[in-house]
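**Student:** My file is data_3.tsv. It has TSV, C-alpha atoms:
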```
chain	number	residue	atom	x	y	z
J	1	MET	CA	5.62	12.33	21.17
J	2	VAL	CA	5.50	9.87	18.32
J	3	HIS	CA	4.90	6.32	19.51
J	4	GLY	CA	8.24	4.71	20.34
J	5	VAL	CA	10.29	7.90	19.77
J	6	VAL	CA	11.31	10.38	22.49
J	7	SER	CA	11.02	13.98	21.27
J	8	HIS	CA	10.22	17.50	22.41
J	9	GLU	CA	7.40	18.82	20.23
J	10	THR	CA	5.38	21.92	21.00
J	11	ALA	CA	1.71	21.60	21.98
J	12	SER	CA	0.73	22.50	18.40
J	13	GLU	CA	3.02	19.81	16.97
J	14	VAL	CA	1.67	17.21	19.39
J	15	SER	CA	-1.87	18.11	18.31
J	16	THR	CA	-0.91	17.70	14.65
J	17	ILE	CA	0.73	14.34	15.36
J	18	ARG	CA	-2.36	13.21	17.24
J	19	GLU	CA	-4.76	14.21	14.45
J	20	THR	CA	-2.59	12.56	11.78
J	21	TYR	CA	-2.31	9.41	13.88
J	22	LEU	CA	-6.08	9.24	14.32
J	23	ALA	CA	-6.64	9.78	10.59
J	24	ALA	CA	-4.12	7.05	9.81
J	25	PHE	CA	-5.84	4.67	12.21
J	26	ARG	CA	-9.21	5.27	10.57
J	27	TRP	CA	-7.78	4.49	7.11
J	28	MET	CA	-6.21	1.33	8.55
J	29	LEU	CA	-9.51	0.31	10.09
J	30	LEU	CA	-11.39	0.93	6.83
J	31	ALA	CA	-8.79	-1.07	4.90
J	32	ARG	CA	-9.02	-4.01	7.33
J	33	ILE	CA	-12.82	-4.10	7.16
J	34	LEU	CA	-12.75	-3.83	3.36
J	35	ASP	CA	-10.21	-6.66	3.15
J	36	ASP	CA	-12.30	-8.82	5.47
J	37	LYS	CA	-15.33	-8.21	3.26
J	38	PHE	CA	-13.41	-9.26	0.16
J	39	ALA	CA	-12.30	-12.42	1.95
J	40	SER	CA	-15.92	-13.20	2.85
J	41	LEU	CA	-17.11	-12.59	-0.72
J	42	TYR	CA	-14.31	-14.82	-2.03
J	43	ARG	CA	-15.26	-17.66	0.29
J	44	GLY	CA	-18.88	-17.23	-0.83
J	45	GLY	CA	-17.92	-17.64	-4.49
J	46	LYS	CA	-18.69	-14.00	-5.36
J	47	ILE	CA	-15.12	-13.09	-6.36
J	48	HIS	CA	-13.15	-14.82	-9.09
J	49	GLY	CA	-9.37	-14.67	-9.04
J	50	GLY	CA	-7.13	-14.13	-6.06
J	51	VAL	CA	-7.84	-12.10	-2.96
J	52	PHE	CA	-4.72	-10.78	-1.25
J	53	LEU	CA	-5.06	-9.13	2.15
J	54	GLY	CA	-2.91	-6.50	3.83
J	55	ARG	CA	-3.57	-7.77	7.35
J	56	GLY	CA	-0.57	-6.84	9.48
J	57	GLN	CA	0.86	-4.36	6.96
J	58	GLU	CA	-1.68	-1.54	7.27
J	59	ALA	CA	0.52	0.71	9.44
J	60	LEU	CA	3.32	0.68	6.88
J	61	SER	CA	1.00	1.07	3.91
J	62	VAL	CA	-1.04	3.96	5.32
J	63	SER	CA	2.18	5.81	6.18
J	64	VAL	CA	3.12	5.79	2.51
J	65	GLY	CA	-0.27	7.04	1.34
J	66	LEU	CA	-0.31	9.85	3.90
J	67	SER	CA	3.26	10.97	3.15
J	68	LEU	CA	2.42	11.64	-0.51
J	69	ARG	CA	0.58	14.63	-1.93
J	70	LYS	CA	-1.09	15.79	-5.11
J	71	GLY	CA	1.30	15.51	-8.04
J	72	ASP	CA	3.14	12.52	-6.59
J	73	VAL	CA	3.00	9.04	-8.09
J	74	PHE	CA	2.07	5.94	-6.12
J	75	ALA	CA	2.36	2.37	-7.37
J	76	PRO	CA	0.66	0.31	-4.64
J	77	LEU	CA	0.74	-3.47	-4.57
J	78	ILE	CA	-1.42	-6.34	-3.39
J	79	ARG	CA	-1.33	-5.51	0.34
J	80	ASP	CA	-1.70	-1.75	0.09
J	81	ALA	CA	-5.41	-1.16	0.64
J	82	ALA	CA	-4.66	1.27	3.49
J	83	GLY	CA	-2.17	3.25	1.43
J	84	ARG	CA	-4.52	3.33	-1.56
J	85	LEU	CA	-7.38	4.70	0.55
J	86	ALA	CA	-5.18	7.31	2.22
J	87	PHE	CA	-3.88	8.40	-1.19
J	88	GLY	CA	-7.44	8.91	-2.39
J	89	GLU	CA	-8.67	5.72	-4.04
J	90	PRO	CA	-12.48	5.50	-3.70
J	91	ILE	CA	-13.87	2.36	-2.08
J	92	LEU	CA	-16.05	1.87	-5.16
J	93	ASP	CA	-12.98	1.52	-7.37
J	94	ALA	CA	-11.80	-1.43	-5.28
J	95	VAL	CA	-15.19	-3.09	-4.99
J	96	ARG	CA	-16.05	-2.66	-8.67
J	97	THR	CA	-12.76	-4.19	-9.72
J	98	TYR	CA	-13.05	-7.17	-7.38
J	99	LEU	CA	-16.65	-7.85	-8.42
J	100	GLY	CA	-16.01	-7.32	-12.14
J	101	SER	CA	-18.21	-4.26	-12.68
J	102	PRO	CA	-17.71	-2.57	-16.07
J	103	LEU	CA	-18.10	0.75	-14.25
J	104	GLY	CA	-14.80	0.25	-12.43
J	105	PRO	CA	-11.51	1.86	-13.46
J	106	MET	CA	-10.38	-1.27	-15.34
J	107	ARG	CA	-13.81	-1.77	-17.02
J	108	ALA	CA	-13.92	-5.41	-15.76
J	109	ARG	CA	-11.03	-6.16	-18.10
J	110	ASP	CA	-8.24	-7.19	-15.75
J	111	GLY	CA	-7.43	-9.05	-12.56
J	112	ASN	CA	-8.91	-7.57	-9.44
J	113	VAL	CA	-5.66	-6.16	-8.00
J	114	HIS	CA	-4.51	-4.46	-11.22
J	115	ARG	CA	-6.52	-1.28	-10.77
J	116	GLY	CA	-5.56	2.37	-10.76
J	117	ARG	CA	-6.09	5.84	-12.17
J	118	PRO	CA	-2.86	7.09	-13.78
J	119	ARG	CA	-4.20	10.62	-14.25
J	120	THR	CA	-4.34	11.05	-10.48
J	121	GLY	CA	-0.96	9.38	-9.95
J	122	LEU	CA	-2.33	6.01	-8.83
J	123	LEU	CA	-0.70	3.40	-11.06
J	124	PRO	CA	-2.30	0.06	-11.96
J	125	MET	CA	-0.10	-2.79	-10.80
J	126	ILE	CA	1.77	-4.97	-13.28
J	127	SER	CA	3.31	-7.34	-10.75
J	128	HIS	CA	4.32	-7.32	-7.11
J	129	LEU	CA	7.75	-8.78	-7.93
J	130	GLY	CA	9.69	-5.54	-8.37
J	131	ALA	CA	8.23	-4.60	-11.76
J	132	MET	CA	6.66	-1.33	-10.60
J	133	ILE	CA	9.95	0.25	-9.50
J	134	SER	CA	11.09	0.72	-13.09
J	135	VAL	CA	7.64	2.05	-14.06
J	136	VAL	CA	7.87	4.74	-11.39
J	137	ASN	CA	11.44	5.47	-12.49
J	138	GLY	CA	10.21	5.95	-16.05
J	139	ILE	CA	7.55	8.44	-15.00
J	140	LEU	CA	10.04	10.42	-12.92
J	141	LEU	CA	12.56	10.48	-15.79
J	142	ALA	CA	9.87	11.51	-18.28
J	143	ARG	CA	8.87	14.41	-16.06
J	144	ARG	CA	12.49	15.49	-15.76
J	145	LEU	CA	12.96	15.45	-19.54
J	146	LYS	CA	9.76	17.46	-20.02
J	147	GLY	CA	10.78	20.01	-17.41
J	148	ILE	CA	7.83	19.10	-15.21
J	149	GLU	CA	8.20	19.40	-11.46
J	150	GLN	CA	8.82	15.82	-10.48
J	151	GLY	CA	7.26	15.23	-7.10
J	152	VAL	CA	7.93	11.90	-5.39
J	153	GLY	CA	7.37	8.48	-6.89
J	154	ALA	CA	6.61	5.69	-4.42
J	155	THR	CA	6.13	1.97	-4.66
J	156	CYS	CA	6.11	-0.96	-2.26
J	157	VAL	CA	7.58	-4.45	-2.55
J	158	GLY	CA	7.95	-7.46	-0.32
J	159	ASP	CA	11.18	-9.09	0.79
J	160	GLY	CA	10.90	-11.65	-2.01
J	161	ALA	CA	10.91	-8.94	-4.69
J	162	THR	CA	14.37	-7.83	-3.57
J	163	SER	CA	15.69	-11.14	-4.95
J	164	THR	CA	14.51	-10.40	-8.50
J	165	GLY	CA	16.47	-8.89	-11.36
J	166	ALA	CA	13.80	-6.22	-11.83
J	167	PHE	CA	14.52	-4.89	-8.33
J	168	HIS	CA	18.28	-4.67	-8.84
J	169	GLU	CA	18.12	-3.04	-12.26
J	170	ALA	CA	15.55	-0.48	-11.16
J	171	ILE	CA	17.18	0.54	-7.89
J	172	ASN	CA	20.51	0.90	-9.69
J	173	LEU	CA	18.95	3.20	-12.29
J	174	ALA	CA	17.22	5.27	-9.60
J	175	ALA	CA	20.52	5.69	-7.76
J	176	VAL	CA	22.51	6.69	-10.86
J	177	GLU	CA	19.85	9.20	-11.94
J	178	LYS	CA	19.25	10.42	-8.36
J	179	LEU	CA	15.50	10.06	-8.80
J	180	PRO	CA	13.06	11.09	-6.03
J	181	LEU	CA	12.00	7.49	-5.54
J	182	LEU	CA	10.52	6.17	-2.30
J	183	LEU	CA	10.95	2.40	-2.20
J	184	ILE	CA	9.16	0.63	0.65
J	185	VAL	CA	10.16	-2.95	1.44
J	186	ALA	CA	7.80	-4.95	3.65
J	187	ASP	CA	10.08	-7.57	5.16
J	188	ASN	CA	7.21	-9.87	6.17
J	189	GLN	CA	9.49	-12.87	6.64
J	190	TYR	CA	8.19	-14.94	3.70
J	191	ALA	CA	8.21	-14.69	-0.08
J	192	TYR	CA	4.98	-16.63	-0.38
J	193	SER	CA	6.20	-19.70	1.57
J	194	THR	CA	9.97	-19.16	1.25
J	195	PRO	CA	11.48	-17.83	4.50
J	196	THR	CA	13.96	-14.96	4.39
J	197	SER	CA	16.74	-17.32	5.52
J	198	ARG	CA	16.49	-18.97	2.09
J	199	GLN	CA	16.33	-15.68	0.18
J	200	PHE	CA	19.33	-13.58	1.15
J	201	ALA	CA	22.51	-13.86	3.19
J	202	CYS	CA	23.02	-10.22	4.12
J	203	ARG	CA	22.41	-9.11	7.70
J	204	SER	CA	19.47	-6.93	6.72
J	205	LEU	CA	17.71	-6.00	3.50
J	206	VAL	CA	18.69	-2.38	4.08
J	207	ASP	CA	22.26	-3.44	3.23
J	208	LYS	CA	21.09	-3.82	-0.35
J	209	ALA	CA	20.30	-0.11	-0.44
J	210	LEU	CA	23.80	0.77	0.73
J	211	GLY	CA	25.31	-1.41	-1.98
J	212	TYR	CA	23.76	0.83	-4.64
J	213	GLY	CA	24.47	4.13	-2.92
J	214	VAL	CA	20.85	4.54	-1.87
J	215	ALA	CA	19.88	5.98	1.51
J	216	GLY	CA	18.32	3.27	3.65
J	217	SER	CA	16.19	3.27	6.80
J	218	THR	CA	14.65	0.56	8.94
J	219	VAL	CA	11.47	0.65	10.98
J	220	ASP	CA	9.26	-1.53	13.15
J	221	GLY	CA	6.36	-2.20	10.78
J	222	THR	CA	4.01	-3.03	13.65
J	223	ASP	CA	4.32	0.49	15.11
J	224	LEU	CA	2.16	3.09	13.34
J	225	GLY	CA	3.89	6.09	14.94
J	226	ALA	CA	7.33	4.85	13.99
J	227	CYS	CA	6.20	4.07	10.42
J	228	MET	CA	4.70	7.54	10.02
J	229	GLN	CA	7.89	9.19	11.22
J	230	VAL	CA	10.41	7.11	9.26
J	231	VAL	CA	8.41	7.01	6.01
J	232	GLY	CA	7.58	10.70	6.34
J	233	LEU	CA	11.23	11.66	6.75
J	234	ALA	CA	12.29	9.46	3.82
J	235	THR	CA	9.62	11.04	1.62
J	236	GLN	CA	10.79	14.50	2.63
J	237	ARG	CA	14.42	13.65	1.80
J	238	ALA	CA	13.42	12.36	-1.63
J	239	ARG	CA	11.30	15.46	-2.24
J	240	ASN	CA	14.16	17.77	-1.24
J	241	GLY	CA	16.70	16.31	-3.66
J	242	GLY	CA	18.18	13.57	-1.49
J	243	GLY	CA	17.82	10.94	-4.21
J	244	PRO	CA	16.12	7.56	-3.85
J	245	GLN	CA	15.16	6.39	-0.38
J	246	MET	CA	14.60	2.79	0.68
J	247	VAL	CA	12.69	1.95	3.86
J	248	VAL	CA	12.71	-1.62	5.17
J	249	ALA	CA	9.95	-2.46	7.63
J	250	SER	CA	10.06	-5.59	9.76
J	251	LEU	CA	6.68	-7.24	10.34
J	252	LEU	CA	4.75	-10.45	9.74
J	253	ARG	CA	2.00	-11.07	7.22
J	254	LEU	CA	-0.94	-12.08	9.44
J	255	CYS	CA	-2.66	-14.15	6.77
J	256	GLY	CA	-1.81	-16.44	3.90
J	257	HIS	CA	-0.23	-15.19	0.70
J	258	GLY	CA	-3.81	-15.08	-0.56
J	259	GLU	CA	-7.14	-16.38	0.63
J	260	HIS	CA	-6.33	-19.66	-1.12
J	261	ASP	CA	-3.35	-20.18	1.22
J	262	ASP	CA	-3.68	-21.27	4.86
J	263	ALA	CA	-0.09	-20.14	5.71
J	264	GLY	CA	0.61	-23.41	7.49
J	265	TYR	CA	4.32	-22.92	6.75
J	266	VAL	CA	4.63	-19.88	9.06
J	267	ASP	CA	6.74	-20.60	12.15
J	268	PRO	CA	4.47	-20.46	15.25
J	269	GLU	CA	7.33	-18.77	17.14
J	270	LEU	CA	7.17	-15.86	14.69
J	271	LYS	CA	3.46	-15.47	15.33
J	272	ARG	CA	4.15	-15.20	19.07
J	273	SER	CA	7.06	-12.79	18.62
J	274	HIS	CA	7.10	-8.99	18.44
J	275	LEU	CA	6.88	-9.28	14.65
J	276	GLY	CA	3.56	-11.09	15.01
J	277	ARG	CA	1.83	-8.13	16.65
J	278	ASP	CA	-1.28	-6.81	14.90
J	279	CYS	CA	-0.45	-3.20	13.99
J	280	LEU	CA	-4.14	-2.24	14.12
J	281	LYS	CA	-4.51	-3.48	17.70
J	282	VAL	CA	-1.19	-1.88	18.69
J	283	ALA	CA	-2.32	1.48	17.28
J	284	GLU	CA	-5.70	1.25	19.00
J	285	ALA	CA	-4.06	0.44	22.34
J	286	HIS	CA	-1.73	3.42	21.93
J	287	MET	CA	-4.65	5.79	21.27
J	288	LEU	CA	-6.60	4.53	24.27
J	289	GLU	CA	-3.56	4.63	26.56
J	290	ASN	CA	-2.84	8.24	25.61
J	291	HIS	CA	-6.53	9.23	25.76
J	292	TRP	CA	-6.46	10.31	22.13
J	293	ALA	CA	-9.75	8.46	21.63
J	294	GLY	CA	-12.14	6.47	23.76
J	295	PRO	CA	-13.60	2.98	23.20
J	296	GLY	CA	-16.94	4.43	22.14
J	297	GLU	CA	-15.32	6.67	19.55
J	298	VAL	CA	-13.33	3.77	18.13
J	299	GLN	CA	-16.49	1.67	17.91
J	300	ASN	CA	-18.24	4.50	16.08
J	301	TRP	CA	-15.39	4.60	13.56
J	302	ARG	CA	-15.67	0.85	13.13
J	303	ASN	CA	-19.42	1.07	12.56
J	304	ASP	CA	-18.96	3.89	10.07
J	305	ALA	CA	-16.33	1.91	8.15
J	306	MET	CA	-18.56	-1.16	8.06
J	307	GLY	CA	-21.39	0.97	6.75
J	308	GLN	CA	-19.24	2.42	3.98
J	309	VAL	CA	-18.09	-1.02	2.89
J	310	GLU	CA	-21.53	-2.60	2.96
J	311	GLU	CA	-23.03	0.32	1.03
J	312	ALA	CA	-20.32	0.09	-1.64
J	313	VAL	CA	-20.79	-3.67	-2.05
J	314	ALA	CA	-24.58	-3.33	-2.24
J	315	THR	CA	-24.22	-0.61	-4.88
J	316	VAL	CA	-21.90	-2.67	-7.05
J	317	GLN	CA	-23.99	-5.82	-6.73
J	318	ARG	CA	-26.89	-3.89	-8.27
J	319	GLU	CA	-24.78	-2.83	-11.26
J	320	PRO	CA	-24.99	-4.80	-14.53
J	321	ALA	CA	-22.32	-7.38	-15.29
J	322	PRO	CA	-20.17	-6.90	-18.41
J	323	ASP	CA	-21.72	-8.24	-21.62
J	324	PRO	CA	-19.01	-9.88	-23.78
J	325	TYR	CA	-21.23	-9.64	-26.86
J	326	LYS	CA	-21.59	-5.87	-26.56
J	327	GLU	CA	-18.11	-5.13	-25.26
J	328	ASN	CA	-15.76	-3.06	-27.39
J	329	TRP	CA	-12.49	-4.93	-26.97
J	330	CYS	CA	-10.32	-2.03	-28.10
J	331	SER	CA	-7.43	-0.88	-25.95
J	332	LEU	CA	-8.24	1.17	-22.86
J	333	ALA	CA	-6.19	3.90	-24.53
J	334	SER	CA	-8.88	4.21	-27.23
J	335	LYS	CA	-10.84	7.44	-27.05
J	336	ASN	CA	-14.14	5.92	-26.00
J	337	LEU	CA	-12.56	3.80	-23.29
J	338	CYS	CA	-9.78	6.00	-21.99
J	339	GLU	CA	-9.70	7.32	-18.45
J	340	GLY	CA	-11.90	10.34	-18.00
J	341	PHE	CA	-13.97	9.82	-21.18
J	342	SER	CA	-17.38	11.40	-20.65
J	343	GLY	CA	-19.13	10.03	-23.74
J	344	ALA	CA	-19.07	13.31	-25.64
```
What is this structure when it is put down as structure tokens?

**Tutor:**
Amino acid sequence: MVHGVVSHETASEVSTIRETYLAAFRWMLLARILDDKFASLYRGGKIHGGVFLGRGQEALSVSVGLSLRKGDVFAPLIRDAAGRLAFGEPILDAVRTYLGSPLGPMRARDGNVHRGRPRTGLLPMISHLGAMISVVNGILLARRLKGIEQGVGATCVGDGATSTGAFHEAINLAAVEKLPLLLIVADNQYAYSTPTSRQFACRSLVDKALGYGVAGSTVDGTDLGACMQVVGLATQRARNGGGPQMVVASLLRLCGHGEHDDAGYVDPELKRSHLGRDCLKVAEAHMLENHWAGPGEVQNWRNDAMGQVEEAVATVQREPAPDPYKENWCSLASKNLCEGFSGA
């Protein structure tokens, strides 16, 4: 049984669900600990630029990363550490980018959230305000024109991004071209400090999908099992020719917009509501209640994740900082700087 959904799976299917759930939880836990470490480094003056945490959105994010497979394209955004890790991003890539190491994927050349490896399908972020939808569309269209098997293209936006022109133009194109796009909307109740009541007048953001002829689904973003099921089914529909799929998840960002923001504008009633649940704690309680894992096992996972994060940070802190006087400021597309260049 998937958390929150009554079903009749076989023993083998239940075992698979359990193992996937446990794997998802471990990615969520690693993402939370990594985010907390970045927040600590930021407060200690070790990180320059913004630090944006995914606290409260890990269940949704990890469901996206786990639903994709090799050959798919994923354009994660500022709160998608869990999805990035599940999709295969190494911890070192994140740490090197945040700490400005020239050994990172962006060669210490860009803001700390604009990292990726296009050759593996992980796209560097341009902006979290709907811009990546059209980028994913472009890749899917290019593959179609080249006769390449498309796979699924996924990206995530917040509720505020659905109010931008980039969102509307891109979702319209995806619908007309029937692209295998998976569009995840984290309805976290605020576009920075603007509440949803001041953003849109429709009953639900999923209504925007219907207006463009796009299949839409809703899910409780605090419930890992429900997120895995709904996102998984949407991904499967897109993969099987069902056209673009939009999933709207209801949740609450459990932190400020960034570490520079104390989120004092968030309604205390929302924090005490169902939306204010911590998806990580909810998932842990579900595992313990169903005897899928014990407290000692969970603590071992936590210790392991902390060890991975601390080791990665220690490694990067020993690496040399970029030297602007020796840096070759050519484009990253140049041969000696391009992704995968071995120096030969």

**Student:** Counting all atoms listed in the file, which residues of segment 21-105 of chain J sit at most 9 Å from some atom of segment 211-225 of chain J, and what is each one's closest atom pair with its distance in Å to one decimal, listed by chain and rising residue number, as a tab-separated table?

**Tutor:**
```
residue	atom	partner	partner_atom	distance
J:Tyr21	CA	J:Gly225	CA	7.1
J:Ala24	CA	J:Leu224	CA	8.2
J:Phe25	CA	J:Leu224	CA	8.2
J:Gly56	CA	J:Thr222	CA	7.3
J:Gln57	CA	J:Gly221	CA	7.0
J:Glu58	CA	J:Leu224	CA	8.5
J:Ala59	CA	J:Leu224	CA	4.9
J:Leu60	CA	J:Gly221	CA	5.7
J:Val62	CA	J:Leu224	CA	8.7
J:Ser63	CA	J:Leu224	CA	7.7
```

**Student:** Measuring atom to atom with only C-alpha atoms, identify which of J:Leu85, J:Val135, J:Leu182, J:Val309 is nearest to Gln236 of chain J.

**Tutor:**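 Checking each of J:Leu85, J:Val135, J:Leu182, J:Val309 against Gln236 of chain J, counting only C-alpha atoms, the winner is J:Leu182.
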
**Student:** Could you state the separation of atom CA of Val73 of chain J and atom CA of Ile126 of chain J in Å, given to one decimal place?

**Tutor:**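 Computing the Euclidean distance for atom CA of Val73 of chain J and atom CA of Ile126 of chain J yields 15.0 Å.
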
**Student:** Using atom CA of Cys279 of chain J and atom CA of Ile171 of chain J as the two end points, give the distance in Å to one decimal.

**Tutor:**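 Taking atom CA of Cys279 of chain J as the start and atom CA of Ile171 of chain J as the end point, the length is 28.3 Å.
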
**Student:** Any idea what the distance is between atom CA of Arg302 of chain J and atom CA of Arg43 of chain J?

**Tutor:**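 One can read the atom CA of Arg302 of chain J to atom CA of Arg43 of chain J distance as 22.5 Å.
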
**Student:** Using all atoms listed in the file for the distances, tell me which of J:Pro76, J:Gly243, J:Pro195, J:Pro124 is nearest to Gly151 of chain J.

**Tutor:** J:Gly243

**Student:** Using all atoms listed in the file, pick whichever of J:Glu169, J:Asp267, J:Glu311, J:Glu327 has the shortest atom-to-atom distance to Ile91 of chain J.

**Tutor:**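 The answer is J:Glu311, which sits nearest to Ile91 of chain J.
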
**Student:** Rank nothing, just name the residue among J:Arg143, J:Ala293, J:Gly130, J:Cys156 nearest to Leu77 of chain J, using all atoms listed in the file.

**Tutor:**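 Closest to Leu77 of chain J of all the choices is J:Cys156.
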
**Student:** Env of Gln229 of chain J: 10 Å cut, atoms = all atoms listed in the file, seq-sep filter 2 positions within chain, self excluded. Answer as a PyMOL selection string.

**Tutor:** chain J and resi 2-3+5+17+63+67+219+224-227+231-235

**Student:** Between J:Leu122, J:Leu66, J:Arg18, J:Tyr190, single out the one closest to Leu288 of chain J, counting only C-alpha atoms.

**Tutor:**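 When distances to Leu288 of chain J are compared using only C-alpha atoms, the smallest one comes from J:Arg18.
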
**Student:** Pick out the closest residue to Tyr98 of chain J from this set: J:Thr315, J:Asn112, J:Ser273, J:Asn328. Count all atoms listed in the file.

**Tutor:**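 Smallest distance to Tyr98 of chain J is found for J:Asn112.
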
**Student:** So that I can see what lies close to Gly160 of chain J, please list as a VMD selection string the residues with an atom at most 8 Å from it, counting all atoms listed in the file and leaving out residues fewer than 6 positions away in the same chain.

**Tutor:** chain J and resid 129 190 to 192 196 199

**Student:** For segment 316-324 of chain J, find every residue with an atom within 7 Å (counting all atoms listed in the file), except residues of its own chain fewer than 2 positions away, and show them as a PDB file with C-alpha atoms, keeping the file's coordinate frame.

**Tutor:**
```pdb
ATOM      1  CA  ARG J  96     -16.050  -2.660  -8.670  1.00  0.00           C
ATOM      2  CA  SER J 101     -18.210  -4.260 -12.680  1.00  0.00           C
ATOM      3  CA  PRO J 102     -17.710  -2.570 -16.070  1.00  0.00           C
ATOM      4  CA  ALA J 108     -13.920  -5.410 -15.760  1.00  0.00           C
ATOM      5  CA  ALA J 312     -20.320   0.090  -1.640  1.00  0.00           C
ATOM      6  CA  VAL J 313     -20.790  -3.670  -2.050  1.00  0.00           C
ATOM      7  CA  ALA J 314     -24.580  -3.330  -2.240  1.00  0.00           C
ATOM      8  CA  LYS J 326     -21.590  -5.870 -26.560  1.00  0.00           C
ATOM      9  CA  GLU J 327     -18.110  -5.130 -25.260  1.00  0.00           C
TER      10      GLU J 327
END
```

**Student:** I'd like the neighbourhood of Thr162 of chain J as a ChimeraX atom specification, where a residue qualifies if any of its atoms comes within 9 Å (using all atoms listed in the file), though same-chain residues fewer than 4 positions away should be ignored.

**Tutor:** /J:129-130,157-158,166-168,185,199-200,205,208
